>>> print(open('start-v1.txt').read())   # compact mmCIF, C-alpha atoms and all ligand atoms
# COMPACT_ATOMS: atom_id res chain seq x y z
CA MET A 1001 57.90 105.39 148.69
CA ASN A 1002 57.67 103.50 145.44
CA HIS A 1003 60.29 100.75 145.12
CA LEU A 1004 61.33 102.32 141.81
CA PHE A 1005 63.33 104.82 143.81
CA ASP A 1006 64.75 102.50 146.48
CA HIS A 1007 68.19 102.63 144.96
CA ILE A 1008 68.59 106.39 145.35
CA THR A 1009 71.17 107.06 148.05
CA ASP A 1010 71.48 110.82 147.58
CA ALA A 1011 69.05 112.48 150.02
CA GLY A 1012 68.42 115.47 147.75
CA LEU A 1013 67.58 113.30 144.75
CA ARG A 1014 65.35 111.12 146.90
CA THR A 1015 63.38 114.17 148.00
CA ILE A 1016 62.97 115.23 144.38
CA ALA A 1017 61.80 111.75 143.34
CA GLU A 1018 59.24 111.81 146.16
CA LYS A 1019 58.03 115.22 145.11
CA VAL A 1020 57.69 114.18 141.48
CA GLU A 1021 55.74 111.12 142.49
CA ASN A 1022 53.48 113.16 144.77
CA LYS A 1023 52.84 115.82 142.10
CA GLN A 1024 54.71 118.46 144.05
CA ARG A 1025 56.64 121.21 142.35
CA ILE A 1026 60.44 121.15 142.50
CA ASN A 1027 62.34 124.38 143.20
CA PRO A 1028 65.28 125.89 141.26
CA GLU A 1029 67.91 124.31 143.54
CA GLU A 1030 66.31 120.93 143.01
CA GLY A 1031 66.20 121.49 139.26
CA LEU A 1032 69.90 122.24 139.36
CA LEU A 1033 70.58 119.11 141.38
CA LEU A 1034 68.81 117.05 138.73
CA PHE A 1035 71.08 118.47 136.04
CA LYS A 1036 74.18 117.93 138.12
CA LYS A 1037 73.61 114.63 139.84
CA ALA A 1038 70.70 112.56 138.54
CA ASP A 1039 71.65 109.66 136.30
CA LEU A 1040 69.94 109.17 132.97
CA PRO A 1041 67.70 106.21 133.97
CA LEU A 1042 66.39 108.12 136.99
CA LEU A 1043 65.67 111.19 134.85
CA GLY A 1044 63.84 108.99 132.35
CA ILE A 1045 61.63 107.48 135.04
CA MET A 1046 60.77 110.81 136.63
CA ALA A 1047 60.14 112.55 133.30
CA GLY A 1048 57.98 109.59 132.25
CA ILE A 1049 55.85 110.00 135.38
CA VAL A 1050 55.20 113.65 134.57
CA LYS A 1051 54.65 112.94 130.87
CA ARG A 1052 52.07 110.25 131.60
CA ARG A 1053 50.23 112.58 133.95
CA PHE A 1054 49.58 114.90 131.01
CA THR A 1055 49.30 112.59 128.02
CA GLY A 1056 49.20 108.97 129.20
CA SER A 1057 50.61 106.63 126.55
CA TYR A 1058 49.98 109.01 123.69
CA ALA A 1059 52.56 110.77 121.58
CA TRP A 1060 51.34 113.48 119.27
CA PHE A 1061 52.19 114.66 115.80
CA ASN A 1062 50.53 116.94 113.30
CA HIS A 1063 50.42 117.56 109.59
CA ASN A 1064 52.05 120.90 109.01
CA PHE A 1065 54.30 122.77 106.65
CA HIS A 1066 56.80 125.55 107.15
CA ILE A 1067 57.22 128.75 105.19
CA GLU A 1068 60.31 130.89 105.68
CA PRO A 1069 59.46 134.09 103.79
CA THR A 1070 62.97 135.53 103.94
CA ASN A 1071 66.37 134.99 105.52
CA LYS A 1072 67.27 138.67 105.31
CA CYS A 1073 67.52 139.92 108.85
CA VAL A 1074 68.30 143.16 110.62
CA TYR A 1075 69.85 141.22 113.50
CA ASN A 1076 73.08 139.33 113.72
CA CYS A 1077 72.74 136.57 116.31
CA ARG A 1078 76.07 134.83 116.74
CA PHE A 1079 74.53 131.34 116.70
CA CYS A 1080 72.52 131.92 113.53
CA SER A 1081 73.58 130.17 110.32
CA TYR A 1082 70.57 131.32 108.45
CA HIS A 1083 70.42 135.08 108.11
CA LYS A 1084 72.16 136.75 105.16
CA PRO A 1085 72.61 140.38 104.22
CA GLU A 1086 70.85 141.92 101.24
CA GLY A 1087 72.68 141.03 98.02
CA ASP A 1088 74.23 137.83 99.36
CA PRO A 1089 73.78 134.98 96.83
CA GLU A 1090 72.34 132.83 99.60
CA SER A 1091 69.71 135.37 100.62
CA TRP A 1092 66.10 135.02 99.57
CA GLU A 1093 62.86 136.88 99.86
CA TYR A 1094 59.54 135.52 98.61
CA SER A 1095 56.73 137.75 97.45
CA HIS A 1096 53.16 137.19 98.65
CA ASP A 1097 52.43 135.49 95.33
CA GLN A 1098 55.38 133.14 95.72
CA ILE A 1099 54.28 132.32 99.25
CA MET A 1100 50.74 131.66 98.05
CA ASP A 1101 52.22 129.32 95.43
CA ILE A 1102 53.85 127.37 98.28
CA VAL A 1103 50.51 127.25 100.12
CA LYS A 1104 48.84 125.98 96.93
CA THR A 1105 51.28 123.07 96.65
CA PHE A 1106 49.46 121.70 99.71
CA ASP A 1107 46.04 121.76 98.02
CA ASN A 1108 44.37 118.39 98.59
CA LYS A 1109 46.96 117.43 101.20
CA PRO A 1110 45.67 116.87 104.73
CA VAL A 1111 47.75 119.59 106.43
CA THR A 1112 46.14 121.42 109.33
CA GLU A 1113 48.80 124.02 110.13
CA VAL A 1114 51.22 126.41 108.49
CA HIS A 1115 54.23 127.59 110.49
CA ILE A 1116 55.65 130.91 109.23
CA VAL A 1117 58.93 132.19 110.64
CA GLY A 1118 61.87 133.92 109.02
CA GLY A 1119 64.43 136.66 109.34
CA VAL A 1120 63.45 140.14 110.47
CA HIS A 1121 63.29 141.93 107.14
CA PRO A 1122 64.05 145.66 107.39
CA SER A 1123 61.45 146.87 104.89
CA TYR A 1124 58.13 145.25 105.68
CA ASP A 1125 55.53 146.43 108.13
CA ILE A 1126 52.74 144.89 110.16
CA HIS A 1127 50.20 145.32 107.33
CA TYR A 1128 52.47 143.63 104.80
CA TRP A 1129 52.70 140.59 107.08
CA GLY A 1130 49.08 140.87 108.19
CA SER A 1131 47.80 140.93 104.63
CA LEU A 1132 49.84 137.79 103.89
CA ILE A 1133 48.08 136.09 106.80
CA ARG A 1134 44.74 137.30 105.43
CA LYS A 1135 45.49 135.88 101.96
CA ILE A 1136 46.32 132.48 103.42
CA ARG A 1137 43.26 132.63 105.68
CA ASP A 1138 40.98 133.49 102.75
CA TYR A 1139 42.51 130.83 100.52
CA ARG A 1140 42.32 128.02 103.06
CA PRO A 1141 40.12 129.06 106.01
CA SER A 1142 40.60 125.88 108.03
CA LEU A 1143 44.40 126.12 108.11
CA HIS A 1144 45.77 127.10 111.54
CA ILE A 1145 48.24 129.95 111.05
CA LYS A 1146 51.09 129.87 113.56
CA ALA A 1147 53.33 132.77 112.65
CA PHE A 1148 56.06 135.20 113.68
CA SER A 1149 58.40 134.79 116.61
CA ALA A 1150 58.33 137.42 119.36
CA ILE A 1151 61.41 138.94 117.69
CA GLU A 1152 59.62 139.48 114.39
CA LEU A 1153 56.55 140.70 116.27
CA ASP A 1154 58.56 143.20 118.30
CA TYR A 1155 60.08 144.63 115.12
CA MET A 1156 56.84 144.99 113.16
CA ILE A 1157 54.87 146.29 116.15
CA SER A 1158 57.52 148.88 117.10
CA LYS A 1159 57.74 149.98 113.46
CA ALA A 1160 53.97 150.50 113.45
CA GLY A 1161 54.32 152.67 116.56
CA CYS A 1162 51.63 150.81 118.47
CA THR A 1163 51.53 148.95 121.75
CA ILE A 1164 52.08 145.21 121.91
CA GLU A 1165 48.39 144.74 122.61
CA GLU A 1166 47.32 146.88 119.65
CA GLY A 1167 49.81 145.18 117.33
CA LEU A 1168 48.73 141.68 118.31
CA ASN A 1169 45.09 142.64 117.94
CA ILE A 1170 45.78 143.91 114.41
CA LEU A 1171 47.43 140.58 113.52
CA LYS A 1172 44.66 138.61 115.19
CA ASP A 1173 42.13 140.49 113.07
CA TYR A 1174 44.13 139.56 109.97
CA GLY A 1175 43.81 135.90 111.00
CA LEU A 1176 46.81 135.02 113.17
CA ASP A 1177 45.95 131.96 115.29
CA SER A 1178 49.03 131.33 117.42
CA ILE A 1179 52.66 132.28 117.94
CA PRO A 1180 55.65 129.94 117.65
CA GLY A 1181 58.26 129.72 120.39
CA GLY A 1182 61.34 131.11 118.65
CA GLY A 1183 63.57 133.93 119.78
CA ALA A 1184 63.60 132.99 123.46
CA GLU A 1185 67.21 131.73 123.16
CA ILE A 1186 68.43 132.07 126.73
CA PHE A 1187 66.86 134.55 129.12
CA ASP A 1188 69.90 135.34 131.25
CA GLU A 1189 70.60 138.98 130.32
CA GLU A 1190 74.39 138.71 130.30
CA LEU A 1191 74.43 135.64 128.05
CA ARG A 1192 71.78 137.11 125.81
CA LYS A 1193 73.95 140.16 125.37
CA SER A 1194 76.88 138.06 124.24
CA ILE A 1195 74.99 135.83 121.77
CA CYS A 1196 72.22 138.07 120.39
CA ASP A 1197 72.81 141.53 121.74
CA ASP A 1198 70.58 143.68 119.62
CA LYS A 1199 67.28 141.84 119.49
CA ALA A 1200 64.26 141.91 121.82
CA SER A 1201 65.21 141.45 125.47
CA SER A 1202 64.08 138.54 127.60
CA GLU A 1203 61.64 140.82 129.38
CA LEU A 1204 60.13 141.88 126.06
CA TRP A 1205 59.94 138.28 124.77
CA LEU A 1206 58.01 137.32 127.91
CA LYS A 1207 55.82 140.43 127.72
CA ILE A 1208 54.83 139.70 124.10
CA HIS A 1209 53.84 136.13 124.97
CA GLU A 1210 52.00 137.27 128.09
CA THR A 1211 50.04 139.86 126.10
CA ALA A 1212 49.25 137.28 123.42
CA HIS A 1213 47.92 134.88 126.06
CA MET A 1214 45.76 137.65 127.56
CA LEU A 1215 44.28 138.23 124.08
CA GLY A 1216 43.52 134.54 123.65
CA ILE A 1217 46.43 133.83 121.30
CA PRO A 1218 48.26 130.70 122.48
CA SER A 1219 51.98 130.26 121.95
CA ASN A 1220 54.98 128.00 122.34
CA ALA A 1221 58.27 128.54 124.13
CA THR A 1222 61.81 127.46 123.30
CA ILE A 1223 65.27 127.43 124.82
CA LEU A 1224 68.49 127.42 122.82
CA TYR A 1225 70.83 125.18 124.82
CA GLY A 1226 74.22 123.57 124.44
CA HIS A 1227 76.33 126.68 123.83
CA ILE A 1228 77.87 128.96 126.48
CA GLU A 1229 75.14 128.54 129.08
CA ASN A 1230 75.48 126.50 132.25
CA TYR A 1231 72.83 124.51 134.13
CA SER A 1232 71.89 127.49 136.33
CA HIS A 1233 71.09 129.50 133.21
CA ARG A 1234 68.87 126.71 131.91
CA ILE A 1235 67.00 126.50 135.22
CA ASP A 1236 66.62 130.28 135.30
CA HIS A 1237 65.08 130.08 131.80
CA LEU A 1238 62.66 127.33 132.82
CA GLU A 1239 61.76 129.18 136.01
CA ARG A 1240 60.81 132.37 134.14
CA LEU A 1241 58.61 130.34 131.78
CA ARG A 1242 56.99 128.43 134.63
CA ILE A 1243 56.13 131.67 136.44
CA LEU A 1244 54.53 133.15 133.32
CA GLN A 1245 52.60 129.95 132.60
CA ASP A 1246 51.23 130.03 136.16
CA ARG A 1247 49.81 133.45 135.38
CA THR A 1248 48.44 132.90 131.88
CA ASP A 1249 48.24 129.19 131.06
CA GLY A 1250 48.75 130.22 127.44
CA PHE A 1251 51.75 128.10 126.45
CA ASN A 1252 50.96 124.93 124.56
CA CYS A 1253 54.38 123.40 124.47
CA PHE A 1254 58.05 123.79 125.26
CA ILE A 1255 60.64 123.03 122.59
CA PRO A 1256 64.29 122.65 123.59
CA LEU A 1257 66.46 123.63 120.61
CA LYS A 1258 69.94 122.16 120.57
CA PHE A 1259 72.65 124.56 119.38
CA LYS A 1260 73.92 123.38 115.99
CA LYS A 1261 77.37 124.47 115.07
CA ALA A 1262 77.71 124.67 111.28
CA ASN A 1263 78.28 127.99 109.54
CA ASN A 1264 77.93 130.38 112.43
CA LYS A 1265 80.11 132.50 114.68
CA MET A 1266 79.88 130.02 117.56
CA SER A 1267 80.98 126.92 115.64
CA TYR A 1268 84.11 126.65 117.80
CA LEU A 1269 81.92 125.51 120.71
CA GLY A 1270 81.02 122.20 119.10
CA GLU A 1271 77.79 120.45 120.07
CA VAL A 1272 76.62 118.67 123.21
CA SER A 1273 76.07 114.90 123.24
CA ILE A 1274 72.84 113.03 122.76
CA ILE A 1275 73.00 112.09 126.47
CA GLU A 1276 72.95 115.80 127.29
CA ASP A 1277 69.97 116.23 124.96
CA MET A 1278 68.03 113.54 126.81
CA ARG A 1279 68.96 114.98 130.21
CA ASN A 1280 67.75 118.36 129.05
CA TYR A 1281 64.42 117.02 127.77
CA ALA A 1282 63.87 115.15 131.02
CA VAL A 1283 64.68 118.04 133.37
CA SER A 1284 62.51 120.35 131.24
CA ARG A 1285 59.61 117.90 131.51
CA ILE A 1286 60.02 117.56 135.28
CA TYR A 1287 60.52 121.28 135.94
CA LEU A 1288 57.77 122.66 133.71
CA ASP A 1289 54.97 121.01 135.63
CA ASN A 1290 52.44 123.44 134.15
CA PHE A 1291 53.33 122.92 130.46
CA PRO A 1292 51.08 120.30 128.91
CA HIS A 1293 53.53 119.32 126.15
CA ILE A 1294 57.24 118.97 125.43
CA LYS A 1295 58.18 118.85 121.76
CA ALA A 1296 61.19 117.26 120.09
CA TYR A 1297 61.86 119.11 116.87
CA TRP A 1298 63.17 116.18 114.84
CA PRO A 1299 64.43 118.11 111.79
CA MET A 1300 67.03 119.53 114.13
CA ILE A 1301 68.07 116.68 116.42
CA GLY A 1302 67.37 113.90 113.97
CA LYS A 1303 64.70 111.23 113.83
CA GLU A 1304 66.43 108.70 116.07
CA ALA A 1305 67.20 111.18 118.84
CA ALA A 1306 63.62 112.48 118.64
CA GLN A 1307 62.38 108.91 118.96
CA LEU A 1308 64.59 108.34 121.99
CA SER A 1309 63.37 111.56 123.58
CA LEU A 1310 59.92 109.95 123.88
CA SER A 1311 61.44 108.01 126.79
CA PHE A 1312 62.67 111.23 128.41
CA GLY A 1313 59.45 113.21 128.81
CA VAL A 1314 58.74 114.26 125.23
CA ASP A 1315 55.18 113.67 124.03
CA ASP A 1316 55.13 115.61 120.76
CA MET A 1317 57.09 114.85 117.59
CA ASP A 1318 55.93 118.01 115.82
CA GLY A 1319 54.88 117.30 112.27
CA THR A 1320 55.28 115.59 109.00
CA ILE A 1321 57.28 118.46 107.57
CA ASP A 1322 58.07 118.91 103.92
CA ASP A 1323 61.41 120.29 102.77
CA THR A 1324 60.70 124.01 103.00
CA THR A 1325 62.57 124.62 106.25
CA LYS A 1326 66.17 125.77 105.92
CA ILE A 1327 66.94 127.26 109.33
CA PHE A 1328 68.40 124.05 110.69
CA SER A 1329 69.81 122.44 107.57
CA MET A 1330 71.97 125.56 107.17
CA ALA A 1331 73.15 125.10 110.77
CA GLY A 1332 74.20 121.53 110.06
CA SER A 1333 71.18 119.65 111.39
CA LYS A 1334 70.90 115.89 111.11
CA GLU A 1335 68.19 116.07 108.49
CA GLU A 1336 69.47 117.72 105.33
CA SER A 1337 66.06 117.82 103.70
CA PRO A 1338 63.60 117.16 106.46
CA SER A 1339 60.50 115.24 105.63
CA MET A 1340 58.73 112.34 107.25
CA ASN A 1341 55.48 110.72 106.18
CA THR A 1342 52.70 109.62 108.52
CA GLU A 1343 53.68 105.97 108.36
CA GLU A 1344 57.24 106.73 109.37
CA ILE A 1345 56.33 109.05 112.25
CA CYS A 1346 53.78 106.51 113.57
CA HIS A 1347 56.34 103.74 113.32
CA LEU A 1348 58.89 105.73 115.34
CA ILE A 1349 56.30 106.40 118.04
CA GLN A 1350 55.06 102.80 118.17
CA GLU A 1351 58.59 101.44 118.31
CA ALA A 1352 59.10 103.62 121.41
CA GLY A 1353 56.09 101.91 123.01
CA LEU A 1354 53.61 104.77 122.68
CA ILE A 1355 50.39 105.34 120.76
CA PRO A 1356 50.59 107.83 117.87
CA VAL A 1357 47.82 110.40 117.78
CA GLU A 1358 47.48 113.00 115.09
CA ARG A 1359 46.56 116.34 116.64
CA ASP A 1360 45.50 119.77 115.52
CA SER A 1361 47.49 122.83 116.54
CA LEU A 1362 45.69 123.08 119.87
CA TYR A 1363 46.29 119.42 120.72
CA ASN A 1364 42.77 118.25 120.01
CA PRO A 1365 43.01 114.68 118.73
CA VAL A 1366 42.33 114.33 115.01
CA LYS A 1367 43.00 110.62 114.59
CA GLU A 1368 44.55 107.73 116.54
CA TRP A 1369 46.83 105.71 114.25
O1 LIG C 1401 64.82 131.34 117.71
C1 LIG C 1401 68.80 129.53 115.20
C2 LIG C 1401 66.93 128.68 116.70
C3 LIG C 1401 64.77 129.29 116.42
C4 LIG C 1401 70.25 127.94 115.50
O2 LIG C 1401 57.02 126.94 118.00
C5 LIG C 1401 69.09 127.62 116.19
O3 LIG C 1401 56.47 125.03 117.12
C6 LIG C 1401 70.03 125.67 116.92
O4 LIG C 1401 61.68 128.63 117.23
N1 LIG C 1401 71.20 125.93 116.29
C7 LIG C 1401 63.62 129.38 115.43
N2 LIG C 1401 68.97 126.49 116.90
C8 LIG C 1401 62.87 128.05 115.29
C9 LIG C 1401 61.79 127.88 116.31
C10 LIG C 1401 60.83 126.74 116.22
C11 LIG C 1401 61.16 125.59 115.53
C12 LIG C 1401 60.24 124.55 115.47
C13 LIG C 1401 58.99 124.65 116.04
C14 LIG C 1401 58.67 125.82 116.71
C15 LIG C 1401 57.30 125.95 117.31
C16 LIG C 1401 59.58 126.86 116.81
O5 LIG C 1401 65.82 128.52 115.86
C17 LIG C 1401 65.48 130.56 116.80
C18 LIG C 1401 66.75 130.02 117.41
O6 LIG C 1401 66.56 129.73 118.75
N3 LIG C 1401 68.22 128.63 116.00
N4 LIG C 1401 70.04 129.12 114.86
C19 LIG C 1401 71.36 127.04 115.57
N5 LIG C 1401 72.52 127.29 114.98
FE1 LIG C 1402 67.78 137.03 112.60
FE2 LIG C 1402 66.51 135.06 113.86
FE3 LIG C 1402 68.95 134.64 112.78
FE4 LIG C 1402 68.73 136.16 114.95
S1 LIG C 1402 68.20 133.93 114.84
S2 LIG C 1402 69.93 136.65 113.10
S3 LIG C 1402 66.76 137.17 114.62
S4 LIG C 1402 67.09 135.12 111.65
>>> encode(input="start-v1.txt", output="structure tokens")
Amino acid sequence: MNHLFDHITDAGLRTIAEKVENKQRINPEEGLLLFKKADLPLLGIMAGIVKRRFTGSYAWFNHNFHIEPTNKCVYNCRFCSYHKPEGDPESWEYSHDQIMDIVKTFDNKPVTEVHIVGGVHPSYDIHYWGSLIRKIRDYRPSLHIKAFSAIELDYMISKAGCTIEEGLNILKDYGLDSIPGGGAEIFDEELRKSICDDKASSELWLKIHETAHMLGIPSNATILYGHIENYSHRIDHLERLRILQDRTDGFNCFIPLKFKKANNKMSYLGEVSIIEDMRNYAVSRIYLDNFPHIKAYWPMIGKEAAQLSLSFGVDDMDGTIDDTTKIFSMAGSKEESPSMNTEEICHLIQEAGLIPVERDSLYNPVKEW
């Protein structure tokens, strides 16, 4: 075996290192062992091996902007700092015209993607949201529209009384290009019940993404970690995603989302350390051997932690986001008003020893910087 792993005395970890090197899949017990026993340098090396297999020395970013149409939400997830009831002074709801005004502020800017996610508003139906997509599509045809988490989709599709397949086809016809990874939280049914009882089940989340993939709509996946879950729950989550990806190959990337504690019902839990963040990125990279990309969402963990994550299996820094995203700043994220220009994002990537490449939403290279 490679001398890199000569120092490993634990037989189980040695087997895993050999498997990773030989491109063999690790099983759930081995994933758990990594979480429990592997030290950070070893995780970094193994995650780096898998990362390089997919993306060599590149690290990706894109030019995107976020629109959060509303924070009014029919659900009441305990970890959420963002949703507000109707009438609350902190609630908002933009009309189509107001949203189009946001889109227009990006006229003549080189953005390639708009990311649209918000609360699950009680009043609006699939055609309200679909016609918004159509307006954006008509206004700027080349913009990739990544919109609506599986939770929002479930609500609008059920309201319309159609099947998941019919609902997604309606939205595709309106111009939906892909689906973001939100709402996955943690798949374990018992935990899900205690942190976000009333929204779409794990089974439904997976079914919506599977159906989307079958219809040629790619998507992302997330995990919300660092709250009441343990390592077995995280591995269970990764395992369910890996099984689905084997079937469909429709996921573009996996985005670990660190639980942020401000202004929500789970604040008492505090937050996990940056070491735990890096361990989680690395194990995710090693375990999800069929996901081409792992994304660090820097507006949430902060620019420096995102930069560090590039040494723990991450290959995607998401985008140069403007300040329209509130979901994490309201939860106490590192970046109060998240924005980062191209120069800054490239510098962070280069400082980490990688080559910055601007990508489109489907990871086609746009420009090497
Ligand atoms: O599903 C809510 C999370 C998600 C908190 O697909 C929280 O490219 C941490 O999914 N602490 C929505 N996380 C955001 C999302 C996303 C973000 C960036 C890129 C993509 C993509 C998707 O935000 C929710 C939930 O898991 N969230 N509250 C909190 N207190
Ligand atoms: Fe609503 Fe999403 Fe917040 Fe849950 S996480 S309460 S679904 S906005």
>>> residues_around(input="start-v1.txt", residues="Glu1358 (chain A)", least_positions_apart="5", cutoff="12 Å", atoms="only C-alpha atoms", output="PyMOL selection string")
chain A and resi 1058-1064+1110-1112+1315-1320+1342-1343+1345-1346+1349+1363-1369
>>> closest_atom_pairs(input="start-v1.txt", of="chain A", to="ligand LIG 1401 (chain C)", cutoff="6 Å", atoms="all atoms listed in the file", output="CSV")
residue,atom,partner,partner_atom,distance
A:Phe1079,CA,C:LIG1401,N5,4.8
A:Cys1080,CA,C:LIG1401,N4,4.0
A:Ser1081,CA,C:LIG1401,N5,5.6
A:Pro1180,CA,C:LIG1401,O2,3.3
A:Gly1181,CA,C:LIG1401,O2,3.9
A:Gly1182,CA,C:LIG1401,O4,2.9
A:Gly1183,CA,C:LIG1401,O1,3.5
A:Glu1185,CA,C:LIG1401,O6,4.9
A:Asn1220,CA,C:LIG1401,O2,4.9
A:Leu1224,CA,C:LIG1401,O6,5.1
A:Leu1257,CA,C:LIG1401,N2,5.3
A:Lys1258,CA,C:LIG1401,C6,5.1
A:Phe1259,CA,C:LIG1401,N1,3.7
A:Lys1260,CA,C:LIG1401,N1,3.7
A:Lys1261,CA,C:LIG1401,N5,5.6
A:Tyr1297,CA,C:LIG1401,C12,5.8
A:Ala1331,CA,C:LIG1401,N5,4.8
>>> closest_residue(input="start-v1.txt", among="A:Lys1159, A:Arg1078, A:Arg1247, A:Arg1140", to="ligand LIG 1402 (chain C)", atoms="all atoms listed in the file")
A:Arg1078
>>> residues_around(input="start-v1.txt", residues="Cys1073 (chain A)", least_positions_apart="6", cutoff="10 Å", atoms="all atoms listed in the file", output="ChimeraX atom specification")
/A:1082-1086,1091,1118-1122,1152
>>> residues_near_point(input="start-v1.txt", point="(65.0, 139.8, 124.0)", cutoff="8 Å", atoms="all atoms listed in the file", output="PyMOL selection string")
chain A and resi 1151+1183-1184+1187+1192+1199-1205
>>> atom_distance(input="start-v1.txt", atom1="CA of Gly1056 (chain A)", atom2="CA of Val1314 (chain A)")
11.6 Å
>>> atom_distance(input="start-v1.txt", atom1="CA of Ser1178 (chain A)", atom2="CA of Ser1057 (chain A)")
26.4 Å
>>> build_atoms(input="start-v1.txt", residues="region 1294-1300 of chain A", atoms="all heavy atoms", output="CSV table (one decimal), in the coordinates of the input")
chain,number,residue,atom,x,y,z
A,1294,ILE,N,55.8,118.7,125.8
A,1294,ILE,CA,57.2,119.0,125.4
A,1294,ILE,C,57.5,118.4,124.0
A,1294,ILE,O,57.1,117.2,123.8
A,1294,ILE,CB,58.2,118.3,126.4
A,1294,ILE,CG1,57.9,118.6,127.9
A,1294,ILE,CG2,59.7,118.6,126.1
A,1294,ILE,CD1,58.2,120.0,128.3
A,1295,LYS,N,58.0,119.3,123.2
A,1295,LYS,CA,58.2,118.8,121.8
A,1295,LYS,C,59.6,118.6,121.4
A,1295,LYS,O,60.5,119.4,121.8
A,1295,LYS,CB,57.6,120.0,120.9
A,1295,LYS,CG,57.6,119.7,119.4
A,1295,LYS,CD,57.4,120.9,118.6
A,1295,LYS,CE,55.9,121.3,118.5
A,1295,LYS,NZ,55.7,122.4,117.5
A,1296,ALA,N,59.9,117.5,120.7
A,1296,ALA,CA,61.2,117.3,120.1
A,1296,ALA,C,61.1,117.7,118.6
A,1296,ALA,O,60.3,117.1,117.9
A,1296,ALA,CB,61.6,115.8,120.2
A,1297,TYR,N,61.9,118.6,118.3
A,1297,TYR,CA,61.9,119.1,116.9
A,1297,TYR,C,62.8,118.3,116.1
A,1297,TYR,O,64.0,118.6,115.9
A,1297,TYR,CB,62.2,120.6,116.8
A,1297,TYR,CG,61.9,121.2,115.5
A,1297,TYR,CD1,60.7,121.1,114.9
A,1297,TYR,CD2,63.0,121.9,114.8
A,1297,TYR,CE1,60.4,121.7,113.7
A,1297,TYR,CE2,62.7,122.4,113.6
A,1297,TYR,CZ,61.5,122.3,113.0
A,1297,TYR,OH,61.2,122.8,111.7
A,1298,TRP,N,62.3,117.2,115.5
A,1298,TRP,CA,63.2,116.2,114.8
A,1298,TRP,C,64.0,116.7,113.7
A,1298,TRP,O,65.1,116.2,113.5
A,1298,TRP,CB,62.4,114.9,114.5
A,1298,TRP,CG,61.3,115.2,113.5
A,1298,TRP,CD1,60.0,115.4,113.8
A,1298,TRP,CD2,61.4,115.2,112.1
A,1298,TRP,NE1,59.3,115.6,112.6
A,1298,TRP,CE2,60.1,115.5,111.5
A,1298,TRP,CE3,62.5,115.1,111.2
A,1298,TRP,CZ2,59.9,115.6,110.2
A,1298,TRP,CZ3,62.3,115.3,109.8
A,1298,TRP,CH2,61.0,115.5,109.3
A,1299,PRO,N,63.5,117.7,112.9
A,1299,PRO,CA,64.4,118.1,111.8
A,1299,PRO,C,65.8,118.6,112.3
A,1299,PRO,O,66.8,118.6,111.6
A,1299,PRO,CB,63.7,119.2,111.1
A,1299,PRO,CG,62.2,119.0,111.4
A,1299,PRO,CD,62.3,118.4,112.8
A,1300,MET,N,65.8,119.0,113.6
A,1300,MET,CA,67.0,119.5,114.1
A,1300,MET,C,67.8,118.4,114.8
A,1300,MET,O,69.0,118.3,114.6
A,1300,MET,CB,66.7,120.6,115.1
A,1300,MET,CG,68.0,121.2,115.7
A,1300,MET,SD,67.7,122.6,116.7
A,1300,MET,CE,66.6,122.0,117.8
